[in-house]
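One structure is given here, and the rest of the page talks about it.
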Amino acid sequence: MGKKKIRGEGQDYDEVKTNVNIALTPTAKKLLQERANTLGCRSLSDLIEKWARAEIT
């Protein structure tokens, strides 16, 4: 579980997240959300962050 959210500080990691815009089909978004739920991720952002850090495969 992450720590309390404080503006300007990272919640789960030692850095603050930045916004990134991506375009997905509705099907891809649905499949990613299902995968996030299955893996216990809180959001699509959390799923992508964990995948990029090789915390999930």
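Identifiers in the structure tokens: chain A, B, ... in order shown; residue index from 1 per chain; ligand index from 1 in order shown.
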
Identify, on the basis of only C-alpha atoms, every residue whose closest approach to segment 51-57 of chain A does not exceed 10 Å; exclude the query and any residue fewer than 5 positions from it along the same chain; express the result as a ChimeraX atom specification.
-> /A:39,45-46

Let's have the selection written as a compact mmCIF listing (two decimals), in the first residue's frame, with C-alpha atoms.
```txt
# COMPACT_ATOMS: atom_id res chain seq x y z
CA LEU A 39 -3.46 -8.27 -11.19
CA SER A 45 -1.75 4.05 -14.78
CA ASP A 46 -0.74 1.69 -11.98
```

Within 10 Å of segment 29-36 of chain A, counting only C-alpha atoms, which residues qualify if same-chain residues fewer than 5 places away don't, as a ChimeraX atom specification?
-> /A:23-24,41-48

With N, CA and C atoms retained, export the selected residues as a compact mmCIF listing (two decimals), in the first residue's frame.
```txt
# COMPACT_ATOMS: atom_id res chain seq x y z
N ALA A 23 -3.75 7.08 -26.98
CA ALA A 23 -5.04 6.80 -27.59
C ALA A 23 -5.19 5.28 -27.73
N LEU A 24 -6.30 4.76 -27.25
CA LEU A 24 -6.57 3.33 -27.30
C LEU A 24 -7.97 3.09 -27.86
N CYS A 41 -4.15 -4.18 -9.65
CA CYS A 41 -3.70 -2.80 -9.85
C CYS A 41 -4.87 -1.86 -9.58
N ARG A 42 -4.57 -0.66 -9.08
CA ARG A 42 -5.60 0.32 -8.74
C ARG A 42 -6.15 1.04 -9.96
N SER A 43 -5.38 1.10 -11.05
CA SER A 43 -5.77 1.87 -12.23
C SER A 43 -4.95 1.41 -13.43
N LEU A 44 -5.32 1.93 -14.60
CA LEU A 44 -4.51 1.64 -15.79
C LEU A 44 -3.12 2.24 -15.64
N SER A 45 -3.04 3.41 -15.03
CA SER A 45 -1.75 4.05 -14.78
C SER A 45 -0.87 3.15 -13.90
N ASP A 46 -1.47 2.59 -12.87
CA ASP A 46 -0.74 1.69 -11.98
C ASP A 46 -0.27 0.44 -12.73
N LEU A 47 -1.11 -0.11 -13.59
CA LEU A 47 -0.75 -1.27 -14.41
C LEU A 47 0.46 -0.96 -15.29
N ILE A 48 0.42 0.16 -16.00
CA ILE A 48 1.50 0.53 -16.90
C ILE A 48 2.79 0.81 -16.13
```
